[in-house]
Amino acid sequence: GQPVRTLPYRQRRELLAELAGDLPSDVARVPRTFAHDEDLFGVTLAMELEGVVAKRLDAPYRPGQRDGRWIKHKHRRSERLSIVG
């Protein structure tokens, strides 16, 4: 019942984990975090994911803004697309 956008990411994650804690995993799931020494890129590449979103733990949520606090690292630099008209 309270806005949390101005809270740091770390604090918003804690609140989300509290809210989702009693719910089944198919209803609500908090994404896991990775330690600095884990091979995050290797894991996400093996899972055939597009890449990784790196988020500063002290960053507030800024809807519609790209300010460098949330960075997307893609595995592939290009994509193949079909344009159909």
# chains A, B, ... in the order shown; residues from 1 in each chain; ligands from 1
>>> select_by_dssp(residues="chain A", states="helix (DSSP H, G or I)", output="VMD selection string")
chain A and resid 9 to 20 40 to 46
>>> write_last_selection(atoms="N, CA and C atoms", output="mmCIF file, in the first residue's frame")
data_model
loop_
_atom_site.group_PDB
_atom_site.id
_atom_site.type_symbol
_atom_site.label_atom_id
_atom_site.label_comp_id
_atom_site.auth_asym_id
_atom_site.auth_seq_id
_atom_site.Cartn_x
_atom_site.Cartn_y
_atom_site.Cartn_z
ATOM 1 N N TYR A 9 17.319 -0.703 -4.817
ATOM 2 C CA TYR A 9 16.973 -2.020 -5.361
ATOM 3 C C TYR A 9 17.064 -3.104 -4.293
ATOM 4 N N ARG A 10 18.129 -3.072 -3.507
ATOM 5 C CA ARG A 10 18.320 -4.099 -2.462
ATOM 6 C C ARG A 10 17.116 -4.134 -1.517
ATOM 7 N N GLN A 11 16.626 -2.980 -1.105
ATOM 8 C CA GLN A 11 15.489 -2.917 -0.186
ATOM 9 C C GLN A 11 14.193 -3.354 -0.872
ATOM 10 N N ARG A 12 14.017 -2.997 -2.140
ATOM 11 C CA ARG A 12 12.819 -3.436 -2.869
ATOM 12 C C ARG A 12 12.814 -4.954 -3.023
ATOM 13 N N ARG A 13 13.972 -5.563 -3.250
ATOM 14 C CA ARG A 13 14.076 -7.027 -3.348
ATOM 15 C C ARG A 13 13.671 -7.685 -2.036
ATOM 16 N N GLU A 14 14.126 -7.116 -0.913
ATOM 17 C CA GLU A 14 13.790 -7.677 0.396
ATOM 18 C C GLU A 14 12.280 -7.633 0.629
ATOM 19 N N LEU A 15 11.661 -6.514 0.268
ATOM 20 C CA LEU A 15 10.203 -6.400 0.414
ATOM 21 C C LEU A 15 9.487 -7.413 -0.466
ATOM 22 N N LEU A 16 9.953 -7.563 -1.702
ATOM 23 C CA LEU A 16 9.344 -8.520 -2.622
ATOM 24 C C LEU A 16 9.486 -9.946 -2.097
ATOM 25 N N ALA A 17 10.647 -10.273 -1.563
ATOM 26 C CA ALA A 17 10.866 -11.615 -1.014
ATOM 27 C C ALA A 17 9.929 -11.878 0.157
ATOM 28 N N GLU A 18 9.709 -10.867 0.990
ATOM 29 C CA GLU A 18 8.770 -11.022 2.104
ATOM 30 C C GLU A 18 7.358 -11.276 1.603
ATOM 31 N N LEU A 19 6.942 -10.509 0.594
ATOM 32 C CA LEU A 19 5.592 -10.659 0.048
ATOM 33 C C LEU A 19 5.405 -12.005 -0.650
ATOM 34 N N ALA A 20 6.425 -12.442 -1.357
ATOM 35 C CA ALA A 20 6.318 -13.664 -2.148
ATOM 36 C C ALA A 20 6.626 -14.912 -1.338
ATOM 37 N N LEU A 40 28.292 -16.078 -14.203
ATOM 38 C CA LEU A 40 26.939 -15.664 -14.570
ATOM 39 C C LEU A 40 26.719 -15.714 -16.078
ATOM 40 N N PHE A 41 27.689 -15.232 -16.842
ATOM 41 C CA PHE A 41 27.531 -15.230 -18.291
ATOM 42 C C PHE A 41 27.503 -16.647 -18.848
ATOM 43 N N GLY A 42 28.309 -17.529 -18.281
ATOM 44 C CA GLY A 42 28.290 -18.925 -18.719
ATOM 45 C C GLY A 42 26.966 -19.601 -18.407
ATOM 46 N N VAL A 43 26.424 -19.313 -17.226
ATOM 47 C CA VAL A 43 25.143 -19.894 -16.814
ATOM 48 C C VAL A 43 24.021 -19.413 -17.732
ATOM 49 N N THR A 44 23.953 -18.110 -17.978
ATOM 50 C CA THR A 44 22.869 -17.574 -18.797
ATOM 51 C C THR A 44 23.018 -17.974 -20.264
ATOM 52 N N LEU A 45 24.245 -18.104 -20.737
ATOM 53 C CA LEU A 45 24.459 -18.566 -22.108
ATOM 54 C C LEU A 45 24.016 -20.024 -22.248
ATOM 55 N N ALA A 46 24.337 -20.852 -21.256
ATOM 56 C CA ALA A 46 23.924 -22.261 -21.274
ATOM 57 C C ALA A 46 22.403 -22.392 -21.225
#
>>> residues_around(residues="range 56-67 of chain A", least_positions_apart="3", cutoff="7 Å", atoms="only C-alpha atoms", output="MDAnalysis selection string")
chainID A and resid 5:10 70
>>> write_last_selection(atoms="all heavy atoms", output="JSON list (two decimals), in the first residue's frame")
[["chain", "number", "residue", "atom", "x", "y", "z"],
["A", 5, "ARG", "N", 9.23, 2.97, -5.21],
["A", 5, "ARG", "CA", 10.14, 3.27, -6.31],
["A", 5, "ARG", "C", 11.40, 4.00, -5.89],
["A", 5, "ARG", "O", 12.45, 3.82, -6.50],
["A", 5, "ARG", "CB", 9.44, 4.10, -7.39],
["A", 5, "ARG", "CG", 8.49, 3.30, -8.21],
["A", 5, "ARG", "CD", 7.97, 4.15, -9.33],
["A", 5, "ARG", "NE", 6.55, 3.96, -9.37],
["A", 5, "ARG", "CZ", 5.70, 4.76, -9.95],
["A", 5, "ARG", "NH1", 6.12, 5.83, -10.56],
["A", 5, "ARG", "NH2", 4.43, 4.50, -9.93],
["A", 6, "THR", "N", 11.31, 4.83, -4.88],
["A", 6, "THR", "CA", 12.48, 5.60, -4.46],
["A", 6, "THR", "C", 13.43, 4.81, -3.58],
["A", 6, "THR", "O", 14.55, 5.24, -3.34],
["A", 6, "THR", "CB", 12.05, 6.88, -3.71],
["A", 6, "THR", "OG1", 11.29, 6.51, -2.57],
["A", 6, "THR", "CG2", 11.24, 7.80, -4.60],
["A", 7, "LEU", "N", 13.01, 3.63, -3.12],
["A", 7, "LEU", "CA", 13.88, 2.79, -2.29],
["A", 7, "LEU", "C", 14.97, 2.16, -3.15],
["A", 7, "LEU", "O", 14.76, 1.88, -4.33],
["A", 7, "LEU", "CB", 13.06, 1.69, -1.61],
["A", 7, "LEU", "CG", 11.97, 2.14, -0.64],
["A", 7, "LEU", "CD1", 11.22, 0.93, -0.12],
["A", 7, "LEU", "CD2", 12.57, 2.95, 0.49],
["A", 8, "PRO", "N", 16.14, 1.88, -2.56],
["A", 8, "PRO", "CA", 17.19, 1.19, -3.30],
["A", 8, "PRO", "C", 16.73, -0.21, -3.74],
["A", 8, "PRO", "O", 15.87, -0.82, -3.11],
["A", 8, "PRO", "CB", 18.33, 1.08, -2.29],
["A", 8, "PRO", "CG", 18.02, 2.05, -1.22],
["A", 8, "PRO", "CD", 16.52, 2.22, -1.22],
["A", 9, "TYR", "N", 17.32, -0.70, -4.82],
["A", 9, "TYR", "CA", 16.97, -2.02, -5.36],
["A", 9, "TYR", "C", 17.06, -3.10, -4.29],
["A", 9, "TYR", "O", 16.20, -3.96, -4.18],
["A", 9, "TYR", "CB", 17.89, -2.34, -6.54],
["A", 9, "TYR", "CG", 17.66, -3.70, -7.13],
["A", 9, "TYR", "CD1", 16.47, -4.00, -7.78],
["A", 9, "TYR", "CD2", 18.62, -4.70, -7.04],
["A", 9, "TYR", "CE1", 16.25, -5.25, -8.32],
["A", 9, "TYR", "CE2", 18.40, -5.95, -7.58],
["A", 9, "TYR", "CZ", 17.22, -6.22, -8.21],
["A", 9, "TYR", "OH", 16.99, -7.46, -8.74],
["A", 10, "ARG", "N", 18.13, -3.07, -3.51],
["A", 10, "ARG", "CA", 18.32, -4.10, -2.46],
["A", 10, "ARG", "C", 17.12, -4.13, -1.52],
["A", 10, "ARG", "O", 16.60, -5.19, -1.19],
["A", 10, "ARG", "CB", 19.59, -3.80, -1.68],
["A", 10, "ARG", "CG", 19.88, -4.79, -0.58],
["A", 10, "ARG", "CD", 21.04, -4.36, 0.30],
["A", 10, "ARG", "NE", 22.17, -3.85, -0.44],
["A", 10, "ARG", "CZ", 23.29, -4.52, -0.66],
["A", 10, "ARG", "NH1", 23.42, -5.74, -0.21],
["A", 10, "ARG", "NH2", 24.28, -3.97, -1.33],
["A", 70, "TRP", "N", 21.05, 0.49, -14.45],
["A", 70, "TRP", "CA", 20.61, -0.83, -14.86],
["A", 70, "TRP", "C", 21.18, -1.03, -16.26],
["A", 70, "TRP", "O", 20.83, -0.29, -17.18],
["A", 70, "TRP", "CB", 19.10, -0.93, -14.89],
["A", 70, "TRP", "CG", 18.42, -0.81, -13.56],
["A", 70, "TRP", "CD1", 18.80, -0.03, -12.51],
["A", 70, "TRP", "CD2", 17.26, -1.49, -13.15],
["A", 70, "TRP", "NE1", 17.94, -0.17, -11.48],
["A", 70, "TRP", "CE2", 16.97, -1.06, -11.83],
["A", 70, "TRP", "CE3", 16.42, -2.41, -13.75],
["A", 70, "TRP", "CZ2", 15.88, -1.54, -11.13],
["A", 70, "TRP", "CZ3", 15.34, -2.88, -13.04],
["A", 70, "TRP", "CH2", 15.08, -2.45, -11.74]]
>>> closest_residue(among="A:Val52, A:Arg29, A:Ala35, A:Val4", to="His73 in chain A", atoms="only C-alpha atoms")
A:Val52
>>> select_by_dssp(residues="chain A", states="strand (DSSP E)", output="ChimeraX atom specification")
/A:51-55,70-74
>>> write_last_selection(atoms="N, CA, C and O atoms", output="compact mmCIF listing (two decimals), in the first residue's frame")
# COMPACT_ATOMS: atom_id res chain seq x y z
N GLY A 51 20.77 -12.52 -22.27
CA GLY A 51 21.91 -11.88 -21.61
C GLY A 51 21.63 -11.67 -20.14
O GLY A 51 20.87 -12.41 -19.53
N VAL A 52 22.23 -10.64 -19.60
CA VAL A 52 22.16 -10.35 -18.17
C VAL A 52 21.80 -8.89 -17.98
O VAL A 52 22.28 -8.03 -18.71
N VAL A 53 20.95 -8.60 -17.01
CA VAL A 53 20.69 -7.22 -16.61
C VAL A 53 21.41 -7.01 -15.28
O VAL A 53 21.13 -7.70 -14.30
N ALA A 54 22.35 -6.08 -15.29
CA ALA A 54 23.10 -5.74 -14.09
C ALA A 54 22.46 -4.52 -13.44
O ALA A 54 22.23 -3.52 -14.11
N LYS A 55 22.15 -4.63 -12.17
CA LYS A 55 21.46 -3.55 -11.45
C LYS A 55 22.28 -3.14 -10.24
O LYS A 55 22.75 -3.99 -9.49
N TRP A 70 21.05 0.49 -14.45
CA TRP A 70 20.61 -0.83 -14.86
C TRP A 70 21.18 -1.03 -16.26
O TRP A 70 20.83 -0.29 -17.18
N ILE A 71 22.07 -1.99 -16.43
CA ILE A 71 22.75 -2.18 -17.71
C ILE A 71 22.45 -3.58 -18.23
O ILE A 71 22.52 -4.56 -17.50
N LYS A 72 22.11 -3.66 -19.51
CA LYS A 72 21.82 -4.94 -20.15
C LYS A 72 23.06 -5.38 -20.93
O LYS A 72 23.55 -4.65 -21.78
N HIS A 73 23.57 -6.58 -20.61
CA HIS A 73 24.71 -7.16 -21.30
C HIS A 73 24.20 -8.33 -22.14
O HIS A 73 23.83 -9.37 -21.59
N LYS A 74 24.17 -8.16 -23.45
CA LYS A 74 23.68 -9.23 -24.32
C LYS A 74 24.81 -10.19 -24.69
O LYS A 74 25.96 -9.79 -24.79
>>> atom_distance(atom1="CA of Val30 in chain A", atom2="CA of Met47 in chain A")
17.9 Å
